[in-house]
Amino acid sequence: MSQKQKRIVMGVFFAAIVTMIAGGGFLLYRQIDQGGDGPNPQADTTLPPASAEPAPTEDPHAGMVRSGMTGQWVKESTENQRPFAVMINNIEYAFQRQRGTSKADILYEALAEGGITRMLAIYQDVRKVKQIGSVRSARHYYAQFAYEWDAIYCHFGHTKYAVSKMKKLKTQNLSGLSGIGPVVYSRVSGIAAPHNVYTTGKKLIKGAKKLGYSTKKRSGRSAEHFTFYDTDTDLGFGKETKKVIIPFSNYSTCQMKYNKKKKKYMKYEYGQKHMDAQNKKQLSFKNVIIQLVDETNIDRNGYQTMTLSGTGKGYYITNGKRTAITWRRNESSNTMTYKDKDGRTLMVNPGKTYIAVYPNSRKKFIRFQ
């Protein structure tokens, strides 16, 4: 074989070797690409099953509604209850023996006479309140506050001005001096009269039913007052307010101190924590409103009267800040609305509200810290 022929044979031989190597590499690539160790015609080529859809999140407020009084989520049966408004004795002796006040959803405080204050505790649902008091006599402007909430007004005693106002407003009330008194109220031994009159939620409902009053909310009867933020909201404006001092008189001074952890204002009076002796709780509020009104003596007995129709000014305090507000009330149409600095219905945080109805003439004594 010539040298030329040998080179041709060797070339063909090497070409064959290269072809075999290339073919094997391709086959190996196919095997690796298919995830196997070699050809496997039985390999499962179906896609893995799709993962199951996550279970829907359960609505924590299912079957509940927003309270028109606190803006919090409550049972529909609670929201359907008609409010009760109870006159609460607040002289220092009675203050130390108050019961059921921490259960109130709205609490008004205003001067009565002689520098003392009384409070009006408004309960959206009194059914489970075990004891309330001590209960004292009616004043005409407290009857107006109760009217704004379409509440059944509960009192033990009255002035002639209160009787006149209740007749004008056609107030449905539970008077301790009427025939229904023994059904609703009782005196507690060990506490000096007249500061020992108490009641219970069950007794209030029993008395209302005996007099034929509806204990279910009456649609369209309550004034608007304010609306609620959906969630707890800090004021994006206003002045820092960690403490509010509200001196109703030389005898009675209310203080509200902000608890940053609880995000509530804790109530003090007579230099002490304002406690509910029944429930062993200090009174606390998410919202504090100071409603400034013109106030004068109505007679020589020192009974007070207040201008609660028309417009006025005030303050709204929440989450460590305050802002100026106004209010507008029309008794004939039972409209009462607090307004923000832009004239819109005031929005407040969900929770309980304290309302100090305070004389314009004493505005200079209010202190914010």
# chains A, B, ... in the order shown; residues from 1 in each chain; ligands from 1

$ residues_around --residues "Lys128 (chain A)" --least-positions-apart "3" --cutoff "9 Å" --atoms "only C-alpha atoms" --output "list in words"
Asp125, Thr200, Gly201 and Lys202 of chain A

$ write_last_selection --atoms "N, CA and C atoms" --output "PDB file, in the first residue's frame"
ATOM      1  N   ASP A 125     -76.063  48.972  75.866  1.00  0.00           N
ATOM      2  CA  ASP A 125     -76.674  47.688  76.208  1.00  0.00           C
ATOM      3  C   ASP A 125     -76.508  47.473  77.714  1.00  0.00           C
ATOM      4  N   THR A 200     -80.003  48.108  88.512  1.00  0.00           N
ATOM      5  CA  THR A 200     -79.281  47.120  87.695  1.00  0.00           C
ATOM      6  C   THR A 200     -79.813  47.184  86.274  1.00  0.00           C
ATOM      7  N   GLY A 201     -79.064  46.617  85.344  1.00  0.00           N
ATOM      8  CA  GLY A 201     -79.528  46.577  83.969  1.00  0.00           C
ATOM      9  C   GLY A 201     -80.852  45.849  83.828  1.00  0.00           C
ATOM     10  N   LYS A 202     -81.000  44.745  84.526  1.00  0.00           N
ATOM     11  CA  LYS A 202     -82.241  43.963  84.442  1.00  0.00           C
ATOM     12  C   LYS A 202     -83.429  44.747  84.984  1.00  0.00           C
TER      13      LYS A 202
END

$ residues_around --residues "region 120-122 of chain A" --least-positions-apart "2" --cutoff "9 Å" --atoms "only C-alpha atoms" --output "mmCIF file with N, CA, C and O atoms, in the first residue's frame"
data_model
loop_
_atom_site.group_PDB
_atom_site.id
_atom_site.type_symbol
_atom_site.label_atom_id
_atom_site.label_comp_id
_atom_site.auth_asym_id
_atom_site.auth_seq_id
_atom_site.Cartn_x
_atom_site.Cartn_y
_atom_site.Cartn_z
ATOM 1 N N PRO A 83 -80.623 52.724 74.038
ATOM 2 C CA PRO A 83 -79.778 53.167 75.148
ATOM 3 C C PRO A 83 -80.587 53.563 76.385
ATOM 4 O O PRO A 83 -81.745 53.962 76.296
ATOM 5 N N PHE A 84 -79.938 53.427 77.538
ATOM 6 C CA PHE A 84 -80.442 53.953 78.803
ATOM 7 C C PHE A 84 -79.453 55.004 79.283
ATOM 8 O O PHE A 84 -78.239 54.799 79.207
ATOM 9 N N ALA A 85 -79.967 56.123 79.785
ATOM 10 C CA ALA A 85 -79.130 57.212 80.287
ATOM 11 C C ALA A 85 -79.435 57.404 81.771
ATOM 12 O O ALA A 85 -80.572 57.712 82.138
ATOM 13 N N VAL A 86 -78.421 57.212 82.621
ATOM 14 C CA VAL A 86 -78.630 57.188 84.067
ATOM 15 C C VAL A 86 -77.903 58.354 84.728
ATOM 16 O O VAL A 86 -76.704 58.565 84.507
ATOM 17 N N MET A 87 -78.634 59.106 85.568
ATOM 18 C CA MET A 87 -78.038 60.200 86.342
ATOM 19 C C MET A 87 -77.159 59.630 87.452
ATOM 20 O O MET A 87 -77.635 58.853 88.288
ATOM 21 N N ILE A 88 -75.890 60.018 87.477
ATOM 22 C CA ILE A 88 -74.927 59.484 88.439
ATOM 23 C C ILE A 88 -74.495 60.574 89.417
ATOM 24 O O ILE A 88 -74.055 61.656 89.017
ATOM 25 N N THR A 101 -70.044 52.523 86.382
ATOM 26 C CA THR A 101 -69.703 53.651 85.512
ATOM 27 C C THR A 101 -68.687 53.272 84.434
ATOM 28 O O THR A 101 -68.675 53.877 83.362
ATOM 29 N N LYS A 103 -68.759 50.770 82.659
ATOM 30 C CA LYS A 103 -69.473 50.075 81.593
ATOM 31 C C LYS A 103 -70.180 51.031 80.638
ATOM 32 O O LYS A 103 -70.680 50.611 79.590
ATOM 33 N N ALA A 104 -70.240 52.311 80.992
ATOM 34 C CA ALA A 104 -70.929 53.287 80.138
ATOM 35 C C ALA A 104 -70.147 53.499 78.848
ATOM 36 O O ALA A 104 -68.910 53.487 78.838
ATOM 37 N N ASP A 105 -70.860 53.716 77.752
ATOM 38 C CA ASP A 105 -70.221 53.955 76.447
ATOM 39 C C ASP A 105 -69.967 55.437 76.202
ATOM 40 O O ASP A 105 -68.991 55.811 75.564
ATOM 41 N N ILE A 106 -70.864 56.288 76.698
ATOM 42 C CA ILE A 106 -70.717 57.743 76.639
ATOM 43 C C ILE A 106 -70.916 58.265 78.059
ATOM 44 O O ILE A 106 -71.847 57.840 78.755
ATOM 45 N N LEU A 107 -70.057 59.174 78.490
ATOM 46 C CA LEU A 107 -70.204 59.746 79.828
ATOM 47 C C LEU A 107 -70.153 61.267 79.729
ATOM 48 O O LEU A 107 -69.157 61.828 79.287
ATOM 49 N N TYR A 108 -71.248 61.920 80.117
ATOM 50 C CA TYR A 108 -71.295 63.376 80.200
ATOM 51 C C TYR A 108 -70.979 63.797 81.634
ATOM 52 O O TYR A 108 -71.357 63.112 82.598
ATOM 53 N N GLU A 109 -70.334 64.956 81.771
ATOM 54 C CA GLU A 109 -70.154 65.557 83.083
ATOM 55 C C GLU A 109 -70.410 67.053 82.950
ATOM 56 O O GLU A 109 -69.906 67.703 82.023
ATOM 57 N N ALA A 110 -71.210 67.585 83.872
ATOM 58 C CA ALA A 110 -71.541 69.018 83.849
ATOM 59 C C ALA A 110 -71.878 69.464 85.264
ATOM 60 O O ALA A 110 -72.171 68.635 86.143
ATOM 61 N N ARG A 118 -72.621 66.452 88.213
ATOM 62 C CA ARG A 118 -73.270 65.148 88.062
ATOM 63 C C ARG A 118 -72.892 64.602 86.702
ATOM 64 O O ARG A 118 -72.441 65.340 85.816
ATOM 65 N N GLN A 124 -75.227 51.582 75.833
ATOM 66 C CA GLN A 124 -75.856 51.049 74.628
ATOM 67 C C GLN A 124 -76.607 49.762 74.937
ATOM 68 O O GLN A 124 -77.655 49.497 74.361
ATOM 69 N N TYR A 142 -79.567 67.631 81.307
ATOM 70 C CA TYR A 142 -79.244 66.203 81.171
ATOM 71 C C TYR A 142 -80.352 65.479 80.408
ATOM 72 O O TYR A 142 -80.096 64.531 79.653
ATOM 73 N N PHE A 145 -79.481 65.897 76.879
ATOM 74 C CA PHE A 145 -78.424 64.983 76.420
ATOM 75 C C PHE A 145 -79.014 63.599 76.132
ATOM 76 O O PHE A 145 -78.681 62.969 75.127
ATOM 77 N N ALA A 146 -79.870 63.114 77.025
ATOM 78 C CA ALA A 146 -80.495 61.804 76.834
ATOM 79 C C ALA A 146 -81.346 61.786 75.564
ATOM 80 O O ALA A 146 -81.350 60.806 74.813
ATOM 81 N N TRP A 149 -79.707 61.021 72.219
ATOM 82 C CA TRP A 149 -79.395 59.611 71.949
ATOM 83 C C TRP A 149 -80.639 58.730 71.929
ATOM 84 O O TRP A 149 -80.540 57.510 71.840
ATOM 85 N N ALA A 151 -82.398 57.993 74.379
ATOM 86 C CA ALA A 151 -82.209 57.086 75.509
ATOM 87 C C ALA A 151 -83.366 57.205 76.500
ATOM 88 O O ALA A 151 -83.961 58.279 76.651
#

$ atom_distance --atom1 "CA of Leu235 (chain A)" --atom2 "CA of Asn287 (chain A)"
11.8 Å

$ closest_residue --among "A:Ala223, A:Gly343, A:Leu169, A:Cys254" --to "Met119 (chain A)" --atoms "only C-alpha atoms"
A:Cys254

$ closest_residue --among "A:Asn90, A:Ser186, A:Lys263, A:Arg329" --to "Thr233 (chain A)" --atoms "only C-alpha atoms"
A:Lys263

$ decode --residues "region 261-272 of chain A" --atoms "all heavy atoms" --output "mmCIF file, in the first residue's frame"
data_model
loop_
_atom_site.group_PDB
_atom_site.id
_atom_site.type_symbol
_atom_site.label_atom_id
_atom_site.label_comp_id
_atom_site.auth_asym_id
_atom_site.auth_seq_id
_atom_site.Cartn_x
_atom_site.Cartn_y
_atom_site.Cartn_z
ATOM 1 N N LYS A 261 -49.404 53.573 76.504
ATOM 2 C CA LYS A 261 -49.469 52.143 76.227
ATOM 3 C C LYS A 261 -50.888 51.719 75.854
ATOM 4 O O LYS A 261 -51.104 50.985 74.886
ATOM 5 C CB LYS A 261 -48.978 51.345 77.440
ATOM 6 C CG LYS A 261 -48.923 49.844 77.207
ATOM 7 C CD LYS A 261 -48.351 49.132 78.427
ATOM 8 C CE LYS A 261 -48.278 47.619 78.195
ATOM 9 N NZ LYS A 261 -47.736 46.913 79.390
ATOM 10 N N LYS A 262 -51.866 52.200 76.608
ATOM 11 C CA LYS A 262 -53.258 51.854 76.342
ATOM 12 C C LYS A 262 -53.878 52.737 75.261
ATOM 13 O O LYS A 262 -54.939 52.415 74.728
ATOM 14 C CB LYS A 262 -54.084 51.977 77.624
ATOM 15 C CG LYS A 262 -53.704 50.981 78.711
ATOM 16 C CD LYS A 262 -54.612 51.142 79.927
ATOM 17 C CE LYS A 262 -54.274 50.112 81.003
ATOM 18 N NZ LYS A 262 -55.162 50.262 82.185
ATOM 19 N N LYS A 263 -53.232 53.881 74.979
ATOM 20 C CA LYS A 263 -53.740 54.873 74.033
ATOM 21 C C LYS A 263 -55.128 55.359 74.453
ATOM 22 O O LYS A 263 -56.033 55.523 73.644
ATOM 23 C CB LYS A 263 -53.743 54.343 72.591
ATOM 24 C CG LYS A 263 -52.358 53.990 72.063
ATOM 25 C CD LYS A 263 -52.338 53.752 70.577
ATOM 26 C CE LYS A 263 -52.377 55.069 69.807
ATOM 27 N NZ LYS A 263 -52.209 54.878 68.349
ATOM 28 N N LYS A 264 -55.269 55.582 75.779
ATOM 29 C CA LYS A 264 -56.512 56.079 76.342
ATOM 30 C C LYS A 264 -56.211 57.146 77.377
ATOM 31 O O LYS A 264 -55.106 57.218 77.915
ATOM 32 C CB LYS A 264 -57.304 54.940 77.004
ATOM 33 C CG LYS A 264 -57.835 53.896 76.046
ATOM 34 C CD LYS A 264 -58.606 52.824 76.803
ATOM 35 C CE LYS A 264 -59.153 51.763 75.851
ATOM 36 N NZ LYS A 264 -59.899 50.712 76.601
ATOM 37 N N TYR A 265 -57.245 57.957 77.674
ATOM 38 C CA TYR A 265 -57.141 58.955 78.733
ATOM 39 C C TYR A 265 -57.774 58.390 80.002
ATOM 40 O O TYR A 265 -58.945 57.991 79.997
ATOM 41 C CB TYR A 265 -57.817 60.264 78.313
ATOM 42 C CG TYR A 265 -56.985 61.036 77.323
ATOM 43 C CD1 TYR A 265 -57.092 60.804 75.953
ATOM 44 C CD2 TYR A 265 -56.049 61.980 77.755
ATOM 45 C CE1 TYR A 265 -56.297 61.488 75.044
ATOM 46 C CE2 TYR A 265 -55.261 62.677 76.852
ATOM 47 C CZ TYR A 265 -55.381 62.418 75.498
ATOM 48 O OH TYR A 265 -54.584 63.094 74.607
ATOM 49 N N MET A 266 -56.989 58.372 81.064
ATOM 50 C CA MET A 266 -57.431 57.850 82.353
ATOM 51 C C MET A 266 -58.005 59.003 83.176
ATOM 52 O O MET A 266 -57.389 60.068 83.278
ATOM 53 C CB MET A 266 -56.281 57.180 83.098
ATOM 54 C CG MET A 266 -55.418 56.260 82.232
ATOM 55 S SD MET A 266 -56.341 54.922 81.425
ATOM 56 C CE MET A 266 -56.770 53.913 82.847
ATOM 57 N N LYS A 267 -59.192 58.790 83.779
ATOM 58 C CA LYS A 267 -59.895 59.876 84.472
ATOM 59 C C LYS A 267 -59.543 59.922 85.960
ATOM 60 O O LYS A 267 -59.468 58.893 86.630
ATOM 61 C CB LYS A 267 -61.405 59.716 84.305
ATOM 62 C CG LYS A 267 -62.205 60.937 84.777
ATOM 63 C CD LYS A 267 -63.685 60.791 84.463
ATOM 64 C CE LYS A 267 -64.447 62.083 84.733
ATOM 65 N NZ LYS A 267 -64.436 62.517 86.117
ATOM 66 N N TYR A 268 -59.352 61.164 86.435
ATOM 67 C CA TYR A 268 -59.091 61.440 87.849
ATOM 68 C C TYR A 268 -60.043 62.537 88.310
ATOM 69 O O TYR A 268 -60.443 63.405 87.531
ATOM 70 C CB TYR A 268 -57.650 61.917 88.064
ATOM 71 C CG TYR A 268 -56.583 60.894 87.738
ATOM 72 C CD1 TYR A 268 -56.254 60.608 86.410
ATOM 73 C CD2 TYR A 268 -55.896 60.229 88.750
ATOM 74 C CE1 TYR A 268 -55.270 59.674 86.101
ATOM 75 C CE2 TYR A 268 -54.906 59.292 88.453
ATOM 76 C CZ TYR A 268 -54.606 59.023 87.132
ATOM 77 O OH TYR A 268 -53.622 58.098 86.833
ATOM 78 N N GLU A 269 -60.410 62.500 89.573
ATOM 79 C CA GLU A 269 -61.198 63.574 90.155
ATOM 80 C C GLU A 269 -60.947 63.585 91.668
ATOM 81 O O GLU A 269 -60.613 62.551 92.251
ATOM 82 C CB GLU A 269 -62.691 63.389 89.868
ATOM 83 C CG GLU A 269 -63.469 64.689 89.975
ATOM 84 C CD GLU A 269 -64.628 64.786 88.998
ATOM 85 O OE1 GLU A 269 -64.757 63.918 88.107
ATOM 86 O OE2 GLU A 269 -65.404 65.740 89.108
ATOM 87 N N TYR A 270 -61.081 64.751 92.264
ATOM 88 C CA TYR A 270 -60.794 64.916 93.697
ATOM 89 C C TYR A 270 -59.373 64.430 94.029
ATOM 90 O O TYR A 270 -59.112 63.921 95.116
ATOM 91 C CB TYR A 270 -61.821 64.158 94.551
ATOM 92 C CG TYR A 270 -63.241 64.586 94.288
ATOM 93 C CD1 TYR A 270 -64.133 63.735 93.626
ATOM 94 C CD2 TYR A 270 -63.690 65.849 94.675
ATOM 95 C CE1 TYR A 270 -65.439 64.132 93.366
ATOM 96 C CE2 TYR A 270 -64.998 66.249 94.423
ATOM 97 C CZ TYR A 270 -65.861 65.387 93.763
ATOM 98 O OH TYR A 270 -67.157 65.787 93.503
ATOM 99 N N GLY A 271 -58.461 64.573 93.069
ATOM 100 C CA GLY A 271 -57.078 64.169 93.281
ATOM 101 C C GLY A 271 -56.879 62.668 93.360
ATOM 102 O O GLY A 271 -55.825 62.200 93.803
ATOM 103 N N GLN A 272 -57.861 61.904 92.895
ATOM 104 C CA GLN A 272 -57.795 60.440 92.971
ATOM 105 C C GLN A 272 -58.127 59.822 91.615
ATOM 106 O O GLN A 272 -58.738 60.472 90.766
ATOM 107 C CB GLN A 272 -58.805 59.907 93.992
ATOM 108 C CG GLN A 272 -58.815 60.569 95.340
ATOM 109 C CD GLN A 272 -60.070 60.228 96.122
ATOM 110 O OE1 GLN A 272 -60.442 59.064 96.257
ATOM 111 N NE2 GLN A 272 -60.745 61.249 96.633
#
